[in-house]
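Next up, upload-v9.cif (mmCIF, C-alpha atoms):
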data_upload
#
loop_
_atom_site.label_atom_id
_atom_site.label_comp_id
_atom_site.auth_asym_id
_atom_site.auth_seq_id
_atom_site.Cartn_x
_atom_site.Cartn_y
_atom_site.Cartn_z
CA MET X 1 27.50 -68.73 -24.57
CA ALA X 2 25.07 -69.44 -21.89
CA ARG X 3 21.73 -67.94 -22.53
CA LEU X 4 20.98 -65.28 -19.97
CA LYS X 5 17.66 -65.74 -18.37
CA ARG X 6 15.77 -62.64 -17.52
CA SER X 7 14.59 -62.76 -13.96
CA LYS X 8 10.85 -62.84 -13.81
CA ALA X 9 10.59 -61.03 -10.54
CA GLY X 10 11.27 -57.29 -10.85
CA THR X 11 10.05 -55.01 -13.66
CA PRO X 12 12.14 -51.94 -14.57
CA GLU X 13 10.92 -48.99 -12.54
CA ILE X 14 11.99 -45.39 -12.17
CA PRO X 15 12.97 -44.85 -8.55
CA GLN X 16 10.40 -42.47 -7.05
CA ALA X 17 11.91 -41.90 -3.70
CA SER X 18 13.10 -38.36 -4.59
CA THR X 19 9.83 -37.06 -6.07
CA ALA X 20 8.49 -35.97 -2.73
CA ASP X 21 11.84 -34.48 -1.81
CA ILE X 22 11.80 -32.23 -4.86
CA ALA X 23 8.18 -31.28 -4.33
CA PHE X 24 8.80 -30.18 -0.76
CA LEU X 25 11.95 -28.39 -1.78
CA LEU X 26 10.06 -26.32 -4.32
CA LEU X 27 7.30 -25.65 -1.82
CA ILE X 28 9.70 -24.39 0.81
CA PHE X 29 11.52 -22.30 -1.76
CA PHE X 30 8.35 -20.48 -2.81
CA ILE X 31 7.12 -20.09 0.76
CA SER X 32 10.31 -18.36 1.72
CA THR X 33 10.62 -16.15 -1.33
CA THR X 34 7.03 -14.92 -1.76
CA VAL X 35 6.87 -11.23 -1.00
CA PHE X 36 3.59 -9.60 -0.17
CA GLU X 37 3.35 -6.08 -1.53
CA GLN X 38 2.97 -3.59 1.25
CA GLU X 39 1.38 -0.22 0.85
CA PHE X 40 2.77 2.83 2.61
CA GLY X 41 0.93 6.06 3.11
CA MET X 42 0.96 9.22 5.18
CA GLN X 43 -2.17 9.28 7.23
CA VAL X 44 -4.06 12.47 7.69
CA GLY X 45 -7.37 13.21 9.37
CA LEU X 46 -9.37 15.68 7.32
CA PRO X 47 -11.81 18.01 9.05
CA GLY X 48 -15.44 17.20 8.36
CA MET X 49 -17.57 19.55 6.33
CA GLY X 50 -19.63 22.18 7.97
CA GLY X 51 -17.68 22.07 11.20
CA ASN X 52 -17.15 25.34 12.92
CA ALA X 53 -13.89 26.90 11.88
CA VAL X 54 -11.53 26.81 14.81
CA ARG X 55 -10.21 30.17 15.85
CA VAL X 56 -6.51 30.16 16.37
CA LYS X 57 -4.14 32.82 17.56
CA ARG X 58 -1.93 33.99 14.78
CA ASP X 59 1.17 33.46 16.90
CA ASN X 60 0.36 29.79 17.12
CA VAL X 61 0.44 29.28 13.38
CA LEU X 62 3.53 28.56 11.34
CA THR X 63 2.87 28.96 7.63
CA ILE X 64 4.89 26.93 5.15
CA ARG X 65 4.22 27.74 1.52
CA ALA X 66 5.05 25.74 -1.56
CA ALA X 67 5.11 28.03 -4.58
CA ALA X 68 4.28 27.09 -8.15
CA ASP X 69 7.93 26.67 -9.12
CA GLY X 70 8.58 24.36 -6.20
CA ALA X 71 10.26 26.84 -3.87
CA ILE X 72 9.39 26.53 -0.21
CA PHE X 73 8.85 29.61 1.93
CA VAL X 74 8.45 29.84 5.67
CA GLU X 75 6.88 33.19 6.42
CA ASN X 76 8.52 34.75 3.38
CA ASP X 77 11.95 33.27 4.03
CA ARG X 78 13.05 30.87 1.38
CA VAL X 79 14.19 27.56 2.84
CA VAL X 80 15.48 24.21 1.72
CA VAL X 81 13.03 21.40 2.31
CA ARG X 82 15.51 19.32 4.33
CA ASP X 83 15.88 22.09 6.91
CA LEU X 84 12.19 22.10 7.71
CA LYS X 85 12.21 19.19 10.13
CA ALA X 86 14.76 20.72 12.43
CA MET X 87 13.14 24.13 12.21
CA ILE X 88 9.69 22.77 13.06
CA LYS X 89 11.09 20.81 15.97
CA GLY X 90 12.67 23.97 17.28
CA ARG X 91 9.47 25.99 16.97
CA LEU X 92 7.45 23.20 18.57
CA ALA X 93 9.79 23.17 21.53
CA GLU X 94 9.17 26.90 21.98
CA ASN X 95 5.42 26.67 21.53
CA GLU X 96 3.69 23.36 22.00
CA ASN X 97 0.41 24.77 20.73
CA LEU X 98 1.94 25.41 17.38
CA ILE X 99 -0.15 24.58 14.34
CA ILE X 100 1.59 24.17 11.01
CA SER X 101 -0.28 25.50 8.04
CA ILE X 102 0.85 23.80 4.82
CA GLU X 103 -0.18 25.96 1.90
CA THR X 104 0.45 24.84 -1.63
CA ASP X 105 0.03 26.79 -4.83
CA GLY X 106 -2.55 25.28 -7.16
CA GLU X 107 0.05 25.00 -9.90
CA ALA X 108 2.70 23.41 -7.73
CA ALA X 109 3.36 19.70 -8.15
CA TYR X 110 1.75 17.33 -5.66
CA GLN X 111 5.21 16.02 -4.82
CA ARG X 112 6.08 19.38 -3.23
CA MET X 113 3.15 19.19 -0.86
CA ILE X 114 4.22 15.66 0.05
CA ASP X 115 7.78 16.87 0.62
CA VAL X 116 6.58 19.47 3.10
CA LEU X 117 4.14 17.05 4.73
CA ASP X 118 6.94 14.51 5.02
CA GLU X 119 9.08 17.00 6.96
CA VAL X 120 6.15 17.99 9.15
CA LYS X 121 5.38 14.38 9.98
CA ALA X 122 9.03 13.56 10.57
CA SER X 123 9.30 16.44 13.03
CA GLY X 124 6.59 14.89 15.14
CA ALA X 125 4.07 17.69 14.74
CA THR X 126 0.51 16.41 14.88
CA ARG X 127 -1.48 19.59 14.38
CA PHE X 128 -1.37 20.86 10.88
CA SER X 129 -3.68 22.09 8.20
CA ILE X 130 -3.41 21.60 4.47
CA LYS X 131 -4.76 24.07 2.00
CA LYS X 132 -4.43 25.52 -1.45
CA TYR X 133 -3.51 29.08 -2.08
CA ARG X 134 -3.44 31.08 -5.23
CA GLY X 135 -0.01 32.64 -5.54
CA MET M 1 -3.23 -77.52 13.18
CA GLN M 2 -0.85 -74.80 14.03
CA PHE M 3 0.33 -72.57 11.26
CA LYS M 4 3.82 -71.30 11.52
CA ARG M 5 4.03 -67.55 11.06
CA ARG M 6 6.36 -66.43 8.40
CA LEU M 7 9.12 -64.36 9.91
CA LYS M 8 9.72 -62.24 6.88
CA ALA M 9 7.12 -59.47 7.34
CA ASP M 10 8.03 -56.06 5.99
CA ALA M 11 6.38 -53.32 8.07
CA ALA M 12 7.32 -50.23 6.04
CA ILE M 13 4.56 -47.97 4.73
CA PRO M 14 4.75 -47.77 0.96
CA THR M 15 5.61 -44.15 0.09
CA ALA M 16 5.69 -44.40 -3.64
CA SER M 17 2.42 -42.44 -3.91
CA MET M 18 3.51 -39.47 -1.77
CA GLY M 19 4.89 -37.57 -4.72
CA ASP M 20 1.68 -38.17 -6.62
CA LEU M 21 -0.41 -36.74 -3.83
CA VAL M 22 1.77 -33.66 -3.39
CA PHE M 23 1.60 -32.78 -7.06
CA LEU M 24 -2.11 -33.44 -7.14
CA LEU M 25 -2.71 -31.00 -4.30
CA LEU M 26 -0.35 -28.47 -5.86
CA ILE M 27 -2.12 -28.54 -9.20
CA PHE M 28 -5.49 -28.36 -7.50
CA PHE M 29 -4.61 -25.18 -5.65
CA MET M 30 -2.87 -23.64 -8.64
CA ALA M 31 -6.00 -24.14 -10.70
CA THR M 32 -8.48 -22.92 -8.12
CA THR M 33 -6.72 -19.92 -6.58
CA ILE M 34 -8.25 -16.66 -7.73
CA PHE M 35 -6.15 -13.55 -7.33
CA LYS M 36 -8.40 -10.53 -6.93
CA LEU M 37 -6.19 -7.55 -7.34
CA GLU M 38 -7.07 -3.99 -8.10
CA GLU M 39 -5.26 -2.71 -11.16
CA GLY M 40 -5.48 0.98 -10.59
CA LEU M 41 -3.80 3.43 -12.95
CA PRO M 42 -0.15 3.78 -13.93
CA VAL M 43 0.89 6.30 -11.35
CA ASP M 44 4.26 7.53 -10.19
CA LEU M 45 3.65 7.79 -6.47
CA PRO M 46 5.39 10.62 -4.61
CA ARG M 47 8.44 9.77 -2.56
CA ALA M 48 8.39 10.25 1.19
CA GLU M 49 10.06 8.92 4.25
CA SER M 50 7.45 9.09 6.93
CA GLY M 51 4.82 6.82 5.41
CA VAL M 52 3.36 4.14 7.66
CA ARG M 53 2.06 0.74 6.68
CA VAL M 54 -1.55 0.83 5.61
CA PRO M 55 -3.68 -2.22 6.37
CA ARG M 56 -4.83 -3.71 3.08
CA GLU M 57 -8.37 -4.33 4.24
CA ARG M 58 -10.63 -1.39 5.10
CA VAL M 59 -8.98 0.74 2.43
CA VAL M 60 -10.58 2.00 -0.74
CA HIS M 61 -8.22 3.45 -3.30
CA VAL M 62 -8.72 6.52 -5.43
CA TRP M 63 -6.31 6.80 -8.35
CA MET M 64 -5.48 9.94 -10.30
CA ASP M 65 -2.91 9.99 -13.06
CA THR M 66 -1.40 12.62 -15.32
CA GLN M 67 -4.04 12.04 -17.99
CA LYS M 68 -6.81 13.48 -15.83
CA ASP M 69 -8.35 10.04 -15.25
CA ILE M 70 -9.81 9.09 -11.90
CA THR M 71 -10.62 5.52 -10.92
CA ILE M 72 -12.10 3.85 -7.89
CA ASP M 73 -12.23 0.04 -7.90
CA ASP M 74 -10.93 0.06 -11.48
CA ARG M 75 -13.95 2.09 -12.67
CA PHE M 76 -13.32 5.37 -14.45
CA ILE M 77 -15.33 8.14 -12.81
CA THR M 78 -15.61 11.89 -12.80
CA ILE M 79 -14.54 14.04 -9.89
CA GLN M 80 -18.17 15.01 -9.31
CA SER M 81 -19.21 11.45 -8.60
CA VAL M 82 -16.51 10.89 -5.99
CA PRO M 83 -18.54 12.13 -2.98
CA GLY M 84 -21.51 9.92 -3.93
CA ILE M 85 -19.45 6.79 -4.37
CA LEU M 86 -17.46 7.33 -1.20
CA ALA M 87 -20.53 8.21 0.88
CA GLN M 88 -21.99 4.89 -0.20
CA LYS M 89 -18.83 3.06 0.85
CA MET M 90 -18.73 4.91 4.15
CA ARG M 91 -22.26 3.77 4.89
CA GLU M 92 -21.18 0.19 4.37
CA ASN M 93 -18.08 0.65 6.48
CA PRO M 94 -17.78 3.74 8.69
CA GLN M 95 -14.17 2.88 9.54
CA LEU M 96 -13.13 3.10 5.95
CA MET M 97 -9.81 4.67 5.08
CA VAL M 98 -9.31 6.27 1.71
CA GLY M 99 -5.94 5.57 0.14
CA VAL M 100 -5.19 8.38 -2.26
CA ASN M 101 -2.90 7.19 -5.06
CA LEU M 102 -1.96 10.27 -7.03
CA ASP M 103 0.82 10.83 -9.50
CA ALA M 104 3.58 12.96 -8.02
CA SER M 105 3.56 15.46 -10.88
CA ILE M 106 -0.10 16.44 -10.98
CA PRO M 107 -0.92 20.06 -10.11
CA TYR M 108 -1.98 20.52 -6.54
CA SER M 109 -5.29 22.09 -7.54
CA ARG M 110 -6.52 18.64 -8.59
CA VAL M 111 -5.46 17.24 -5.24
CA ASP M 112 -7.24 20.02 -3.39
CA ASP M 113 -10.39 19.37 -5.44
CA LEU M 114 -10.27 15.71 -4.48
CA LEU M 115 -9.73 16.48 -0.80
CA MET M 116 -12.75 18.78 -0.80
CA ARG M 117 -14.90 16.00 -2.25
CA LEU M 118 -13.58 13.58 0.34
CA ARG M 119 -14.63 15.97 3.07
CA GLU M 120 -18.08 16.23 1.48
CA ALA M 121 -18.45 12.47 1.73
CA ASN M 122 -17.17 12.63 5.30
CA ALA M 123 -14.36 10.29 4.32
CA ILE M 124 -11.92 11.97 6.65
CA ASN M 125 -9.50 9.10 7.23
CA VAL M 126 -7.12 9.69 4.38
CA SER M 127 -3.77 8.20 3.55
CA PHE M 128 -1.48 9.76 0.94
CA THR M 129 0.12 6.71 -0.60
CA ASN M 130 3.81 7.09 -1.21
CA GLN M 131 6.91 5.23 -2.30
CA VAL M 132 9.43 4.80 0.45
CA GLU M 133 12.52 6.90 0.00
CA VAL M 134 15.03 7.05 2.79
CA ARG M 135 16.89 10.34 2.81
#
Here is the file; what I need is its structure written in the form of structure tokens.
Amino acid sequence: MARLKRSKAGTPEIPQASTADIAFLLLIFFISTTVFEQEFGMQVGLPGMGGNAVRVKRDNVLTIRAAADGAIFVENDRVVVRDLKAMIKGRLAENENLIISIETDGEAAYQRMIDVLDEVKASGATRFSIKKYRG
Amino acid sequence: MQFKRRLKADAAIPTASMGDLVFLLLIFFMATTIFKLEEGLPVDLPRAESGVRVPRERVVHVWMDTQKDITIDDRFITIQSVPGILAQKMRENPQLMVGVNLDASIPYSRVDDLLMRLREANAINVSFTNQVEVR
């Protein structure tokens, strides 16, 4: 058998042509899948302290109450939260100076106040007041 | 004497080191990136539909959970110290918005207490942070 001569030129090498390919692939994968956490909130402008209380005509105020057990009342009529948006829109159309007063019982859950505020915001009303009442 | 130029001249740029460089940069940035995130408290945010995106900068977060803990900037504080801390922050940045991260099940009286303190500090730009729930 003829002795096989090993060629002197050419050492065994791992082909590196695909290393950069894989690196860029991973990079593009993570760039496209990274999600930045976004915060959502309902923005409200509180009145400053010590400001003069604004006098409002009683007719221009719509009072929505959240009781301790979670029931919602509009001027003593019990309502379902989902109906509030349409109702407020209707009242706003009648009286554009309407101010919504959101009153929440101290023992009611915070979620109830948010539910009412959500409906008020969704109806497009911009003038509202938030307060606590003792039922 | 005239030297004959060899015709076999390979003009390709050697790219064997590209993969090396990419991984080097990758590891450098992985090792040096510092993620500064606020931890806050474990809070079940209330669900609402009409929340708007809150810009991450210019917001200071106040957290209140069901265990009667309050934190700002991951420091546990009492409700009495809230006006002082926020007044300080407002001095540094008058455009500051306060993101209020409260658990949905806390009694509204605690929320009202907090809102009163916010008014004391004149931090009137408030956002009630919520989870997005589409009805």
Residues of chain X that have any atom at most 8 Å from an atom of chain M: could you tabulate them with the shortest-distance atom pair and the distance in Å to one decimal, using all atoms listed in the file, ordered by chain and increasing number, as a Markdown table?
| residue | atom | partner | partner_atom | distance |
| --- | --- | --- | --- | --- |
| X:Gln16 | CA | M:Ala16 | CA | 6.1 |
| X:Ala17 | CA | M:Ala16 | CA | 6.7 |
| X:Thr19 | CA | M:Gly19 | CA | 5.1 |
| X:Ala20 | CA | M:Gly19 | CA | 4.4 |
| X:Ala23 | CA | M:Val22 | CA | 6.9 |
| X:Gln38 | CA | M:Arg53 | CA | 7.0 |
| X:Glu39 | CA | M:Val54 | CA | 5.7 |
| X:Phe40 | CA | M:Arg53 | CA | 4.6 |
| X:Gly41 | CA | M:Thr129 | CA | 3.9 |
| X:Met42 | CA | M:Gly51 | CA | 4.6 |
| X:Gln43 | CA | M:Ser127 | CA | 4.2 |
| X:Val44 | CA | M:Val126 | CA | 5.3 |
| X:Gly45 | CA | M:Asn125 | CA | 5.1 |
| X:Leu46 | CA | M:Ile124 | CA | 4.6 |
| X:Pro47 | CA | M:Ile124 | CA | 6.5 |
| X:Gly48 | CA | M:Arg119 | CA | 5.5 |
| X:Met49 | CA | M:Arg119 | CA | 5.7 |
| X:Thr104 | CA | M:Tyr108 | CA | 7.0 |
| X:Asp105 | CA | M:Tyr108 | CA | 6.8 |
| X:Gly106 | CA | M:Ser109 | CA | 4.2 |
| X:Glu107 | CA | M:Pro107 | CA | 5.0 |
| X:Ala108 | CA | M:Pro107 | CA | 5.5 |
| X:Ala109 | CA | M:Pro107 | CA | 4.7 |
| X:Tyr110 | CA | M:Tyr108 | CA | 5.0 |
| X:Gln111 | CA | M:Ala104 | CA | 4.7 |
| X:Met113 | CA | M:Tyr108 | CA | 7.8 |
| X:Ile114 | CA | M:Ala48 | CA | 6.9 |
| X:Asp115 | CA | M:Ala48 | CA | 6.7 |
| X:Asp118 | CA | M:Ser50 | CA | 5.8 |
| X:Lys121 | CA | M:Ser50 | CA | 6.4 |
| X:Ala122 | CA | M:Ser50 | CA | 6.0 |
| X:Lys131 | CA | M:Asp112 | CA | 7.2 |
| X:Lys132 | CA | M:Asp112 | CA | 6.5 |
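For the set X:Ile14, X:Arg65, X:Ile22, X:Gly124, the residue with the smallest atom-to-atom gap to Ala93 in chain X is X:Gly124, counting only C-alpha atoms.
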Exercise for the section: Give the answer as one residue: which of X:Val120, X:Ile31, X:Ile99, X:Ile130 has the shortest atom-to-atom distance to Ala86 in chain X, using only C-alpha atoms? Expected result: X:Val120
Practice task
Work out how far apart CA of Leu92 in chain X and CA of Tyr133 in chain X are and give it in Å to one decimal.
Solution key: 24.1 Å
I need the residue set behind the PyMOL selection byres ((chain M and resi 58) around 6) for this file; please write it as a CSV table (one decimal) with C-alpha atoms, in the frame of the given file.
chain,number,residue,atom,x,y,z
M,57,GLU,CA,-8.4,-4.3,4.2
M,59,VAL,CA,-9.0,0.7,2.4
M,96,LEU,CA,-13.1,3.1,6.0
Problem - One-decimal distance in Å that lies between CA of Asn97 in chain X and CA of Arg127 in chain X - result: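 For CA of Arg127 in chain X relative to CA of Asn97 in chain X, the distance reads 8.4 Å.
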For the point (0.7, 25.0, 5.8) in file coordinates, what residues are within 6 Å, counting all atoms listed in the file? Give the answer as a compact mmCIF listing (two decimals) with C-alpha atoms, in the frame of the given file?
# COMPACT_ATOMS: atom_id res chain seq x y z
CA THR X 63 2.87 28.96 7.63
CA ILE X 64 4.89 26.93 5.15
CA ILE X 100 1.59 24.17 11.01
CA SER X 101 -0.28 25.50 8.04
CA ILE X 102 0.85 23.80 4.82
CA GLU X 103 -0.18 25.96 1.90
CA SER X 129 -3.68 22.09 8.20
CA ILE X 130 -3.41 21.60 4.47
Exercise for the section: Could you tell me how far CA of Met87 in chain X lies from CA of Ala125 in chain X, in Å and to one decimal? Expected result: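 These atoms are spaced 11.4 Å apart.
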